[in-house]
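Okay, upload.txt is below, compact mmCIF, C-alpha atoms (C1' of nucleotides):
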```txt
# COMPACT_ATOMS: atom_id res chain seq x y z
CA MET B 1 25.93 -19.45 13.48
CA ALA B 2 25.78 -22.68 11.47
CA LYS B 3 26.73 -25.51 13.80
CA ASN B 4 26.47 -28.60 11.60
CA LYS B 5 25.67 -29.82 8.13
CA ARG B 6 21.92 -29.77 8.65
CA ASP B 7 22.10 -26.20 9.88
CA ILE B 8 24.17 -25.19 6.87
CA GLU B 9 21.75 -26.77 4.42
CA ARG B 10 18.87 -25.04 6.09
CA GLN B 11 20.60 -21.71 5.72
CA VAL B 12 21.37 -22.42 2.06
CA LYS B 13 17.73 -23.21 1.32
CA GLN B 14 16.56 -20.18 3.26
CA GLU B 15 19.03 -18.08 1.30
CA GLU B 16 17.55 -19.34 -1.97
CA ILE B 17 14.02 -18.62 -0.86
CA GLU B 18 14.84 -15.11 0.30
CA ALA B 19 16.81 -14.35 -2.83
CA ALA B 20 13.82 -15.42 -4.94
CA ALA B 21 11.37 -13.50 -2.76
CA THR B 22 13.51 -10.36 -2.79
CA ARG B 23 13.88 -10.41 -6.55
CA LEU B 24 10.18 -10.97 -7.19
CA PHE B 25 8.99 -8.45 -4.58
CA VAL B 26 11.32 -5.77 -6.00
CA GLU B 27 10.62 -6.55 -9.66
CA ARG B 28 6.86 -7.05 -9.72
CA GLY B 29 5.75 -5.97 -6.25
CA TYR B 30 4.58 -7.73 -3.11
CA ASP B 31 0.89 -8.03 -3.97
CA ALA B 32 1.58 -9.14 -7.51
CA THR B 33 3.93 -11.89 -6.29
CA SER B 34 2.24 -15.07 -5.14
CA MET B 35 3.65 -17.56 -2.68
CA ALA B 36 3.46 -20.09 -5.51
CA GLN B 37 5.75 -17.94 -7.65
CA VAL B 38 8.32 -17.57 -4.89
CA ALA B 39 8.18 -21.33 -4.29
CA GLU B 40 8.67 -22.09 -7.97
CA GLN B 41 11.70 -19.78 -8.21
CA ALA B 42 13.15 -21.34 -5.07
CA GLY B 43 12.48 -24.87 -6.30
CA VAL B 44 10.16 -25.97 -3.51
CA ALA B 45 6.46 -26.70 -3.11
CA PRO B 46 4.33 -23.66 -2.16
CA ASN B 47 3.46 -24.92 1.28
CA THR B 48 7.12 -25.59 2.06
CA LEU B 49 7.54 -21.85 2.49
CA TYR B 50 5.41 -22.14 5.61
CA TRP B 51 8.03 -24.28 7.22
CA TYR B 52 10.46 -21.32 7.01
CA TYR B 53 8.06 -18.39 7.53
CA LYS B 54 4.85 -18.09 9.47
CA ASN B 55 3.19 -16.25 6.59
CA LYS B 56 3.79 -13.95 3.63
CA ASP B 57 4.30 -10.89 5.86
CA GLU B 58 7.13 -12.57 7.75
CA MET B 59 8.73 -13.47 4.44
CA LEU B 60 8.51 -9.77 3.56
CA VAL B 61 10.25 -8.79 6.79
CA ALA B 62 13.01 -11.31 6.06
CA THR B 63 13.64 -9.75 2.63
CA LEU B 64 13.55 -6.25 4.16
CA ASN B 65 16.22 -7.22 6.66
CA ARG B 66 18.39 -8.59 3.86
CA LEU B 67 18.05 -5.38 1.86
CA VAL B 68 18.72 -3.13 4.84
CA GLY B 69 21.74 -5.19 5.86
CA LYS B 70 23.20 -4.86 2.39
CA GLY B 71 22.37 -1.14 2.33
CA LEU B 72 24.02 -0.44 5.69
CA SER B 73 27.22 -2.20 4.70
CA GLU B 74 27.43 -0.02 1.59
CA TYR B 75 26.59 3.05 3.66
CA ALA B 76 29.79 2.47 5.64
CA GLN B 77 31.75 3.71 2.62
CA MET B 78 29.79 6.98 2.69
CA ALA B 79 30.35 7.73 6.37
CA ASP B 80 32.63 10.73 5.80
CA GLN B 81 30.58 12.42 3.06
CA PRO B 82 28.51 15.57 3.78
CA LEU B 83 24.91 15.02 4.83
CA ASP B 84 23.25 16.17 1.60
CA THR B 85 25.50 13.90 -0.47
CA GLN B 86 24.61 11.02 1.85
CA LEU B 87 20.89 11.68 1.55
CA LEU B 88 20.97 11.88 -2.25
CA TRP B 89 23.01 8.67 -2.34
CA LEU B 90 20.46 7.04 -0.03
CA LEU B 91 17.66 8.09 -2.35
CA GLY B 92 19.51 6.55 -5.29
CA GLN B 93 19.90 3.30 -3.35
CA PHE B 94 16.29 3.15 -2.25
CA GLU B 95 15.01 4.06 -5.70
CA GLN B 96 15.02 0.45 -6.87
CA PHE B 97 12.97 -0.59 -3.84
CA SER B 98 10.52 2.31 -3.94
CA ALA B 99 7.64 -0.12 -4.46
CA LEU B 100 8.55 -1.76 -1.15
CA VAL B 101 8.23 1.55 0.70
CA THR B 102 4.56 1.67 -0.18
CA THR B 103 4.14 -2.04 0.51
CA VAL B 104 5.54 -1.68 4.01
CA HIS B 105 3.16 1.16 4.81
CA ALA B 106 0.25 -0.88 3.47
CA ARG B 107 1.13 -3.93 5.58
CA VAL B 108 1.92 -1.94 8.75
CA GLU B 109 -1.79 -1.67 9.48
CA HIS B 110 -2.52 -5.37 9.14
CA ALA B 111 0.61 -7.22 10.26
CA ALA B 112 2.24 -6.74 13.67
CA THR B 113 5.63 -8.02 12.48
CA VAL B 114 5.77 -5.45 9.69
CA ARG B 115 4.59 -2.75 12.10
CA GLU B 116 7.44 -3.57 14.46
CA TRP B 117 10.04 -3.67 11.66
CA HIS B 118 8.82 -0.32 10.35
CA ALA B 119 9.03 1.37 13.75
CA ASN B 120 12.56 0.08 14.29
CA PHE B 121 13.65 1.12 10.82
CA HIS B 122 12.48 4.70 11.33
CA MET B 123 14.09 4.85 14.77
CA MET B 124 17.37 3.71 13.28
CA LEU B 125 17.36 6.28 10.49
CA ASP B 126 16.24 9.00 12.91
CA GLN B 127 19.09 8.25 15.31
CA LEU B 128 21.60 8.23 12.47
CA MET B 129 20.44 11.61 11.28
CA ILE B 130 20.05 13.18 14.72
CA ALA B 131 23.65 12.31 15.55
CA ARG B 132 24.89 13.97 12.37
CA LEU B 133 22.82 17.11 12.97
CA GLN B 134 23.85 17.47 16.59
CA ALA B 135 27.49 17.23 15.49
CA GLN B 136 26.71 20.31 13.40
CA GLY B 137 25.53 22.16 16.47
CA VAL B 138 21.77 21.68 16.02
CA THR B 139 19.84 21.32 19.28
CA ALA B 140 18.42 17.91 20.19
CA GLU B 141 14.83 19.09 19.75
CA GLN B 142 15.41 20.72 16.38
CA ALA B 143 17.45 17.70 15.25
CA GLY B 144 14.58 15.36 16.13
CA LEU B 145 12.07 17.47 14.24
CA LEU B 146 14.35 17.77 11.24
CA ALA B 147 15.05 14.05 11.21
CA THR B 148 11.32 13.29 11.17
CA VAL B 149 10.65 15.77 8.37
CA THR B 150 13.60 14.47 6.37
CA GLY B 151 12.26 10.93 6.73
CA PHE B 152 8.88 12.05 5.38
CA VAL B 153 10.52 13.92 2.50
CA VAL B 154 12.66 10.91 1.60
CA GLU B 155 9.59 8.68 1.55
CA GLY B 156 7.70 11.28 -0.47
CA LEU B 157 10.47 11.60 -3.03
CA LEU B 158 10.67 7.84 -3.37
CA SER B 159 6.96 7.25 -3.81
CA HIS B 160 6.32 10.20 -6.12
CA ALA B 161 9.16 9.89 -8.66
CA THR B 162 10.42 13.47 -8.61
CA PRO B 163 12.89 14.54 -11.36
CA GLN B 164 16.52 14.59 -10.20
CA PRO B 165 17.18 18.38 -10.23
CA GLN B 166 14.01 19.06 -8.23
CA ARG B 167 14.98 16.26 -5.86
CA GLU B 168 18.39 17.83 -5.26
CA ALA B 169 16.88 21.28 -4.76
CA ILE B 170 14.50 19.88 -2.14
CA VAL B 171 17.15 18.01 -0.18
CA GLN B 172 19.51 20.97 -0.21
CA TRP B 173 16.87 23.50 0.77
CA LEU B 174 15.65 21.22 3.58
CA LEU B 175 19.06 20.79 5.17
CA ARG B 176 20.00 24.44 4.74
CA ALA B 177 16.70 25.65 6.18
CA GLY B 178 16.92 23.06 8.94
CA VAL B 179 20.31 24.20 10.19
CA GLN B 180 19.65 27.88 9.51
CA THR B 181 16.43 28.05 11.54
CA ALA B 182 17.78 25.90 14.39
CA MET K 1 -27.96 15.63 -14.47
CA ALA K 2 -30.76 13.15 -13.87
CA LYS K 3 -33.05 13.35 -16.85
CA ASN K 4 -35.76 10.79 -16.11
CA LYS K 5 -36.93 8.25 -13.59
CA ARG K 6 -34.56 5.56 -14.78
CA ASP K 7 -31.64 7.94 -14.48
CA ILE K 8 -32.67 8.90 -10.96
CA GLU K 9 -32.96 5.31 -9.84
CA ARG K 10 -29.58 4.56 -11.25
CA GLN K 11 -28.08 7.42 -9.29
CA VAL K 12 -29.78 6.29 -6.10
CA LYS K 13 -28.41 2.77 -6.48
CA GLN K 14 -24.95 4.10 -7.30
CA GLU K 15 -25.17 6.33 -4.25
CA GLU K 16 -25.93 3.30 -2.07
CA ILE K 17 -23.04 1.34 -3.52
CA GLU K 18 -20.56 4.17 -3.07
CA ALA K 19 -21.76 4.90 0.46
CA ALA K 20 -21.24 1.23 1.35
CA ALA K 21 -17.85 1.10 -0.37
CA THR K 22 -16.67 4.32 1.28
CA ARG K 23 -17.68 3.14 4.73
CA LEU K 24 -16.04 -0.27 4.34
CA PHE K 25 -12.85 1.06 2.72
CA VAL K 26 -12.43 3.64 5.47
CA GLU K 27 -13.34 1.32 8.34
CA ARG K 28 -11.53 -1.87 7.44
CA GLY K 29 -9.32 -0.88 4.51
CA TYR K 30 -9.39 -1.46 0.77
CA ASP K 31 -7.59 -4.81 0.71
CA ALA K 32 -9.57 -6.18 3.62
CA THR K 33 -12.86 -5.24 1.95
CA SER K 34 -14.11 -7.70 -0.65
CA MET K 35 -16.41 -6.90 -3.52
CA ALA K 36 -18.82 -9.39 -1.98
CA GLN K 37 -18.93 -7.35 1.24
CA VAL K 38 -19.63 -4.11 -0.62
CA ALA K 39 -22.35 -5.87 -2.61
CA GLU K 40 -23.96 -7.28 0.52
CA GLN K 41 -24.03 -3.85 2.22
CA ALA K 42 -25.49 -2.30 -0.92
CA GLY K 43 -28.09 -5.06 -1.29
CA VAL K 44 -27.01 -6.35 -4.69
CA ALA K 45 -25.28 -9.42 -6.06
CA PRO K 46 -21.47 -9.21 -6.19
CA ASN K 47 -21.27 -9.20 -9.96
CA THR K 48 -23.81 -6.38 -10.20
CA LEU K 49 -21.04 -4.04 -9.07
CA TYR K 50 -19.38 -4.65 -12.41
CA TRP K 51 -22.31 -3.06 -14.14
CA TYR K 52 -21.49 0.21 -12.36
CA TYR K 53 -17.69 0.00 -12.19
CA LYS K 54 -15.16 -1.60 -14.48
CA ASN K 55 -13.31 -3.08 -11.51
CA LYS K 56 -12.43 -2.60 -7.85
CA ASP K 57 -9.91 0.17 -8.58
CA GLU K 58 -12.54 2.26 -10.36
CA MET K 59 -14.84 1.81 -7.40
CA LEU K 60 -11.99 3.13 -5.25
CA VAL K 61 -11.63 6.21 -7.46
CA ALA K 62 -15.37 6.84 -7.19
CA THR K 63 -15.19 6.79 -3.37
CA LEU K 64 -12.11 9.04 -3.44
CA ASN K 65 -13.96 11.59 -5.54
CA ARG K 66 -16.86 11.54 -3.10
CA LEU K 67 -14.55 12.12 -0.14
CA VAL K 68 -12.61 14.89 -1.86
CA GLY K 69 -15.80 16.61 -2.96
CA LYS K 70 -17.10 16.57 0.60
CA GLY K 71 -13.72 17.77 1.89
CA LEU K 72 -13.48 20.67 -0.53
CA SER K 73 -16.96 21.93 0.32
CA GLU K 74 -15.99 21.97 4.01
CA TYR K 75 -12.68 23.64 3.15
CA ALA K 76 -14.62 26.60 1.77
CA GLN K 77 -15.43 27.60 5.36
CA MET K 78 -11.69 27.70 6.15
CA ALA K 79 -10.69 29.89 3.23
CA ASP K 80 -9.83 32.94 5.33
CA GLN K 81 -7.83 31.16 8.05
CA PRO K 82 -4.01 31.39 8.18
CA LEU K 83 -2.10 28.70 6.30
CA ASP K 84 -0.86 26.76 9.32
CA THR K 85 -4.37 26.58 10.77
CA GLN K 86 -5.63 25.35 7.41
CA LEU K 87 -2.97 22.66 7.20
CA LEU K 88 -3.62 21.38 10.70
CA TRP K 89 -7.35 21.34 9.97
CA LEU K 90 -6.66 19.43 6.75
CA LEU K 91 -4.64 16.88 8.71
CA GLY K 92 -7.51 16.45 11.12
CA GLN K 93 -9.90 15.88 8.23
CA PHE K 94 -7.64 13.40 6.45
CA GLU K 95 -6.87 11.55 9.66
CA GLN K 96 -9.92 9.32 9.36
CA PHE K 97 -8.92 8.34 5.82
CA SER K 98 -5.23 7.85 6.52
CA ALA K 99 -5.54 4.20 5.48
CA LEU K 100 -6.70 5.35 2.05
CA VAL K 101 -3.57 7.46 1.59
CA THR K 102 -1.47 4.32 1.70
CA THR K 103 -3.96 2.41 -0.42
CA VAL K 104 -3.83 5.01 -3.18
CA HIS K 105 -0.04 4.87 -3.26
CA ALA K 106 -0.17 1.09 -3.42
CA ARG K 107 -2.65 1.05 -6.31
CA VAL K 108 -0.95 3.86 -8.26
CA GLU K 109 1.60 1.38 -9.56
CA HIS K 110 -0.92 -1.16 -10.78
CA ALA K 111 -3.99 0.79 -11.89
CA ALA K 112 -3.90 3.58 -14.46
CA THR K 113 -7.16 5.14 -13.21
CA VAL K 114 -5.80 5.47 -9.68
CA ARG K 115 -2.49 6.82 -11.07
CA GLU K 116 -4.35 9.52 -12.93
CA TRP K 117 -6.51 10.44 -9.95
CA HIS K 118 -3.45 10.64 -7.72
CA ALA K 119 -1.57 12.96 -10.12
CA ASN K 120 -4.58 15.27 -10.39
CA PHE K 121 -5.10 15.32 -6.64
CA HIS K 122 -1.52 16.36 -5.98
CA MET K 123 -1.66 19.00 -8.70
CA MET K 124 -4.79 20.45 -7.15
CA LEU K 125 -3.34 20.65 -3.64
CA ASP K 126 -0.06 22.03 -5.01
CA GLN K 127 -1.86 24.80 -6.89
CA LEU K 128 -3.93 25.66 -3.83
CA MET K 129 -0.83 25.97 -1.69
CA ILE K 130 1.30 27.75 -4.29
CA ALA K 131 -1.35 30.45 -4.67
CA ARG K 132 -1.40 31.01 -0.91
CA LEU K 133 2.39 31.20 -0.67
CA GLN K 134 2.76 33.58 -3.59
CA ALA K 135 0.19 35.86 -1.97
CA GLN K 136 2.64 35.99 0.97
CA GLY K 137 5.39 37.16 -1.36
CA VAL K 138 7.17 33.83 -1.87
CA THR K 139 8.68 33.37 -5.35
CA ALA K 140 7.03 30.92 -7.74
CA GLU K 141 10.01 28.54 -7.63
CA GLN K 142 10.27 28.52 -3.84
CA ALA K 143 6.48 28.18 -3.55
CA GLY K 144 6.55 25.11 -5.82
CA LEU K 145 9.31 23.49 -3.80
CA LEU K 146 7.59 24.27 -0.54
CA ALA K 147 4.26 22.95 -1.78
CA THR K 148 5.88 19.65 -2.78
CA VAL K 149 7.66 19.31 0.56
CA THR K 150 4.49 20.19 2.46
CA GLY K 151 2.61 17.54 0.52
CA PHE K 152 5.21 14.94 1.50
CA VAL K 153 5.12 16.05 5.14
CA VAL K 154 1.32 15.88 5.23
CA GLU K 155 1.39 12.36 3.83
CA GLY K 156 4.15 11.40 6.24
CA LEU K 157 2.26 12.76 9.23
CA LEU K 158 -0.88 10.91 8.16
CA SER K 159 0.78 7.56 7.60
CA HIS K 160 3.00 7.66 10.69
CA ALA K 161 0.57 8.76 13.40
CA THR K 162 2.64 11.52 15.00
CA PRO K 163 1.45 12.94 18.37
CA GLN K 164 -0.43 16.23 18.07
CA PRO K 165 2.13 18.61 19.66
CA GLN K 166 4.95 17.27 17.48
CA ARG K 167 2.66 17.52 14.47
CA GLU K 168 1.97 21.19 15.21
CA ALA K 169 5.65 21.91 15.76
CA ILE K 170 6.50 20.35 12.40
CA VAL K 171 3.84 22.24 10.43
CA GLN K 172 4.74 25.53 12.06
CA TRP K 173 8.48 25.11 11.60
CA LEU K 174 8.00 24.09 7.97
CA LEU K 175 5.95 27.14 7.03
CA ARG K 176 8.15 29.53 9.01
CA ALA K 177 11.34 28.12 7.50
CA GLY K 178 9.74 28.04 4.06
CA VAL K 179 8.84 31.72 4.04
CA GLN K 180 11.97 32.78 5.94
CA THR K 181 14.43 31.14 3.54
CA ALA K 182 12.52 32.20 0.43
C1' DA C 1 -30.61 -1.29 -19.47
C1' DC C 2 -30.01 -3.68 -15.43
C1' DC C 3 -29.30 -7.75 -12.53
C1' DT C 4 -28.11 -12.49 -11.33
C1' DG C 5 -26.37 -17.66 -10.62
C1' DA C 6 -22.87 -20.18 -11.81
C1' DA C 7 -18.38 -20.70 -13.00
C1' DC C 8 -13.20 -19.55 -13.64
C1' DA C 9 -8.61 -19.06 -12.36
C1' DC C 10 -6.26 -17.74 -8.60
C1' DC C 11 -4.97 -16.65 -3.80
C1' DG C 12 -2.78 -17.52 1.11
C1' DT C 13 -2.87 -21.04 4.25
C1' DT C 14 -3.67 -25.71 6.68
C1' DC C 15 -3.35 -30.54 7.41
C1' DA C 16 -2.39 -35.24 7.19
C1' DA C 17 0.97 -38.04 5.29
C1' DG C 18 5.50 -39.02 3.88
C1' DT C 19 10.92 -39.30 4.61
C1' DA P 1 13.28 -31.91 11.02
C1' DC P 2 11.89 -31.07 6.59
C1' DC P 3 8.88 -31.46 2.54
C1' DT P 4 4.73 -32.42 -0.12
C1' DG P 5 -0.19 -33.39 -2.43
C1' DA P 6 -4.46 -32.36 -1.61
C1' DA P 7 -7.78 -29.59 0.15
C1' DC P 8 -10.10 -25.23 2.21
C1' DA P 9 -12.19 -20.92 2.15
C1' DC P 10 -11.83 -16.99 -0.27
C1' DC P 11 -10.79 -13.62 -3.91
C1' DG P 12 -11.82 -10.43 -8.27
C1' DT P 13 -13.87 -11.05 -12.46
C1' DT P 14 -16.53 -13.07 -16.58
C1' DC P 15 -20.34 -14.94 -19.04
C1' DA P 16 -24.61 -16.62 -20.43
C1' DA P 17 -29.17 -16.15 -19.11
C1' DG P 18 -32.93 -13.66 -17.36
C1' DT P 19 -36.22 -9.30 -17.01
```
Here is the file; what I need is its structure written in the form of structure tokens.
Amino acid sequence: MAKNKRDIERQVKQEEIEAAATRLFVERGYDATSMAQVAEQAGVAPNTLYWYYKNKDEMLVATLNRLVGKGLSEYAQMADQPLDTQLLWLLGQFEQFSALVTTVHARVEHAATVREWHANFHMMLDQLMIARLQAQGVTAEQAGLLATVTGFVVEGLLSHATPQPQREAIVQWLLRAGVQTA
Amino acid sequence: MAKNKRDIERQVKQEEIEAAATRLFVERGYDATSMAQVAEQAGVAPNTLYWYYKNKDEMLVATLNRLVGKGLSEYAQMADQPLDTQLLWLLGQFEQFSALVTTVHARVEHAATVREWHANFHMMLDQLMIARLQAQGVTAEQAGLLATVTGFVVEGLLSHATPQPQREAIVQWLLRAGVQTA
DNA sequence: ACCTGAACACCGTTCAAGT
DNA sequence: ACCTGAACACCGTTCAAGT
């Protein structure tokens, strides 16, 4: 919604900052990345970051939104694939950000903004999955339960680096058992 | 294995430090607890802690071992309960330390000692669960898969504060589906 | 062997001052 | 409105010095 030159320049600078933050957070982790490092990569003074973000946690949420936005737009191409294929693809996508999964859970307890983002993110994924399951004839209750469990399993697989064949076996068993025992 | 007076006094002091660390880590979290705070509660100078532990991560591992030891000794009383009862009891026990679950995952990436502890902890729980499942006639392969999934679900339930009835429904469905589709 | 005071390099964040 | 230099309070950790 850039209205004038000043607005555009602000967005460009913000883009640079978030690109730097995203790269550093993904590569070396949130804790291991200092505000000074982000500032250096973005070509500004450290305290300048506080003009754009209230604090480090809000900068994290900004990078999360960028990543999710990019992920959702790529997900559009997978819309007609079967559910297990979608889930395994999702795991492959999230793999590179697996460090951020843990980071989010760590910050949820201390930062209200991250807590809110996290709740919304899970609700979104749950809804997505519930819709798919109900289309397969699973009851609303069972679909909700299965969506929650699948979310936990996805997070578990991401944060525990399971070998690919085992990962596939788990996803396929989960969906099969989920529909079968509905 | 205290052999003499000096050894005993060392153990007493270490006990005090670990009691203080455990309390603070559980109450206000690992990140939010400074070495200075632990030292103050234990009645020593901050740098004295480094005589007992190589760094903050090793102090964390020491507190984890204390908590697990206590937990296992209480688990002995539950040995003859059905598996779902045991799991729900375990969740109740871990509830108070749910913050530490996230902390461990966060430190796994950066500290080798925590990484090692985490791997051993999961192996122990997996073995415990696999033995139980095989006794129910589940194949070794299916038992392994189910143990992994259950571990993920337990961690998910702990770090996402699910309401009790939903929690029970999830645990019961998981075990039923796990044995049923074996 | 055990403990400490002082210091080190760093951290996230704030503030007053600039344009 | 946007950016900065300087400072603040704090952090985990180290080191030389004590007993």
Open item on the list: When you look at segment 147-149 of chain B with a cut-off of 10 Å (counting all atoms listed in the file), what residues show up, excluding the ones that are within fewer than 4 positions of it in the same chain? I need them as JSON, numbers by chain.
Closed with: {"B": [122, 123, 125, 126, 127, 128, 129, 130, 131, 132, 133, 141, 142, 143, 153, 154, 155, 174, 175, 178], "K": [149, 150, 152, 153, 154, 156, 157, 162, 166, 170, 171, 174]}
Task: Contacts of segment 20-37 of chain K at 8 Å (all atoms listed in the file; same-chain gap of 4+ positions) as a PyMOL selection string - done: (chain K and resi 16+41-42+45-46+49+56+59-60+63+96-97+99-100+103) or (chain P and resi 11-12)
- [ ] Would you kindly report the residues of chain K within 12 Å of chain C, using only C-alpha atoms (C1' of nucleotides), as a list in words?
- [x] Arg6, Asp7, Glu9, Arg10, Lys13, Gly43, Val44, Ala45, Pro46, Asn47, Thr48, Leu49, Tyr50, Trp51 and Tyr52 of chain K
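Residues in contact with segment 74-84 of chain B at up to 10 Å, not including ones fewer than 2 positions away on its chain and judged by all atoms listed in the file, are B:Val68, B:Gly69, B:Lys70, B:Gly71, B:Leu72, B:Gln86, B:Leu87, B:Leu88, B:Trp89, B:Leu90, B:Gln93, B:Met129, B:Arg132, B:Leu133, B:Glu168, B:Val171, B:Gln172, B:Trp173, B:Leu174, B:Leu175, B:Arg176.
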Suppose we keep C-alpha atoms; can you now write the selection as a PDB file, keeping the file's coordinate frame?
```pdb
ATOM      1  CA  VAL B  68      18.720  -3.130   4.840  1.00  0.00           C
ATOM      2  CA  GLY B  69      21.740  -5.190   5.860  1.00  0.00           C
ATOM      3  CA  LYS B  70      23.200  -4.860   2.390  1.00  0.00           C
ATOM      4  CA  GLY B  71      22.370  -1.140   2.330  1.00  0.00           C
ATOM      5  CA  LEU B  72      24.020  -0.440   5.690  1.00  0.00           C
ATOM      6  CA  GLN B  86      24.610  11.020   1.850  1.00  0.00           C
ATOM      7  CA  LEU B  87      20.890  11.680   1.550  1.00  0.00           C
ATOM      8  CA  LEU B  88      20.970  11.880  -2.250  1.00  0.00           C
ATOM      9  CA  TRP B  89      23.010   8.670  -2.340  1.00  0.00           C
ATOM     10  CA  LEU B  90      20.460   7.040  -0.030  1.00  0.00           C
ATOM     11  CA  GLN B  93      19.900   3.300  -3.350  1.00  0.00           C
ATOM     12  CA  MET B 129      20.440  11.610  11.280  1.00  0.00           C
ATOM     13  CA  ARG B 132      24.890  13.970  12.370  1.00  0.00           C
ATOM     14  CA  LEU B 133      22.820  17.110  12.970  1.00  0.00           C
ATOM     15  CA  GLU B 168      18.390  17.830  -5.260  1.00  0.00           C
ATOM     16  CA  VAL B 171      17.150  18.010  -0.180  1.00  0.00           C
ATOM     17  CA  GLN B 172      19.510  20.970  -0.210  1.00  0.00           C
ATOM     18  CA  TRP B 173      16.870  23.500   0.770  1.00  0.00           C
ATOM     19  CA  LEU B 174      15.650  21.220   3.580  1.00  0.00           C
ATOM     20  CA  LEU B 175      19.060  20.790   5.170  1.00  0.00           C
ATOM     21  CA  ARG B 176      20.000  24.440   4.740  1.00  0.00           C
TER      22      ARG B 176
END
```
Open item on the list: Would you compute the distance between atom CA of Ala111 of chain B and atom CA of Thr113 of chain K? Give it in Å to one decimal.
Closed with: 27.6 Å
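Atom pair atom CA of Ala169 of chain B / atom CA of Leu145 of chain K has a distance of 7.9 Å (rounded to one decimal).
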TODO: Find, counting all atoms listed in the file, the residue in K:Val61, K:Ala140, K:Leu158, K:Leu146 that gets nearest to Trp117 of chain K.
DONE: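 Of all the options, K:Val61 lies closest to Trp117 of chain K.
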Open item on the list: Between atom CA of Val101 of chain K and atom CA of His110 of chain B, what distance in Å does the model show, to one decimal?
Closed with: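 Taking atom CA of Val101 of chain K as the start and atom CA of His110 of chain B as the end point, the length is 14.9 Å.
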TODO: Name the closest residue to chain B among the candidates K:Ala161, K:His118, K:Ala112, K:His105; distances are taken between atoms, counting all atoms listed in the file.
DONE: K:His105
Open item on the list: My list of candidates is K:Asn55, K:Ala106, K:Val179, K:Arg115. Which is closest to chain B when distances are computed with only C-alpha atoms?
Closed with: K:Ala106
TODO: Determine the nearest neighbour of chain K from the options B:Ala119, B:Val38, B:Thr102, B:Arg167, counting all atoms listed in the file.
DONE: B:Thr102
Would you mind completing segment 157-170 of chain K so that it carries N, CA and C atoms, and writing it out as a tab-separated table (two decimals), in the coordinates of the input?
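See rebuild-v8.tsv below for the written result:
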```tsv
chain	number	residue	atom	x	y	z
K	157	LEU	N	2.94	12.62	7.95
K	157	LEU	CA	2.26	12.76	9.23
K	157	LEU	C	1.04	11.85	9.29
K	158	LEU	N	0.33	11.73	8.17
K	158	LEU	CA	-0.88	10.91	8.16
K	158	LEU	C	-0.54	9.43	8.29
K	159	SER	N	0.52	9.00	7.62
K	159	SER	CA	0.78	7.56	7.60
K	159	SER	C	1.72	7.12	8.71
K	160	HIS	N	2.12	8.05	9.59
K	160	HIS	CA	3.00	7.66	10.69
K	160	HIS	C	2.49	8.06	12.06
K	161	ALA	N	1.23	8.50	12.12
K	161	ALA	CA	0.57	8.76	13.40
K	161	ALA	C	1.46	9.48	14.42
K	162	THR	N	1.81	10.72	14.10
K	162	THR	CA	2.64	11.52	15.00
K	162	THR	C	1.76	12.18	16.05
K	163	PRO	N	2.24	12.26	17.32
K	163	PRO	CA	1.45	12.94	18.37
K	163	PRO	C	1.19	14.40	18.02
K	164	GLN	N	0.05	14.91	18.46
K	164	GLN	CA	-0.43	16.23	18.07
K	164	GLN	C	0.57	17.37	18.30
K	165	PRO	N	1.21	17.47	19.47
K	165	PRO	CA	2.13	18.61	19.66
K	165	PRO	C	3.30	18.59	18.67
K	166	GLN	N	3.85	17.41	18.43
K	166	GLN	CA	4.95	17.27	17.48
K	166	GLN	C	4.47	17.64	16.08
K	167	ARG	N	3.26	17.21	15.77
K	167	ARG	CA	2.66	17.52	14.47
K	167	ARG	C	2.56	19.04	14.28
K	168	GLU	N	2.08	19.73	15.31
K	168	GLU	CA	1.97	21.19	15.21
K	168	GLU	C	3.33	21.84	15.06
K	169	ALA	N	4.30	21.35	15.82
K	169	ALA	CA	5.65	21.91	15.76
K	169	ALA	C	6.20	21.77	14.35
K	170	ILE	N	5.98	20.60	13.74
K	170	ILE	CA	6.50	20.35	12.40
K	170	ILE	C	5.86	21.28	11.38
```
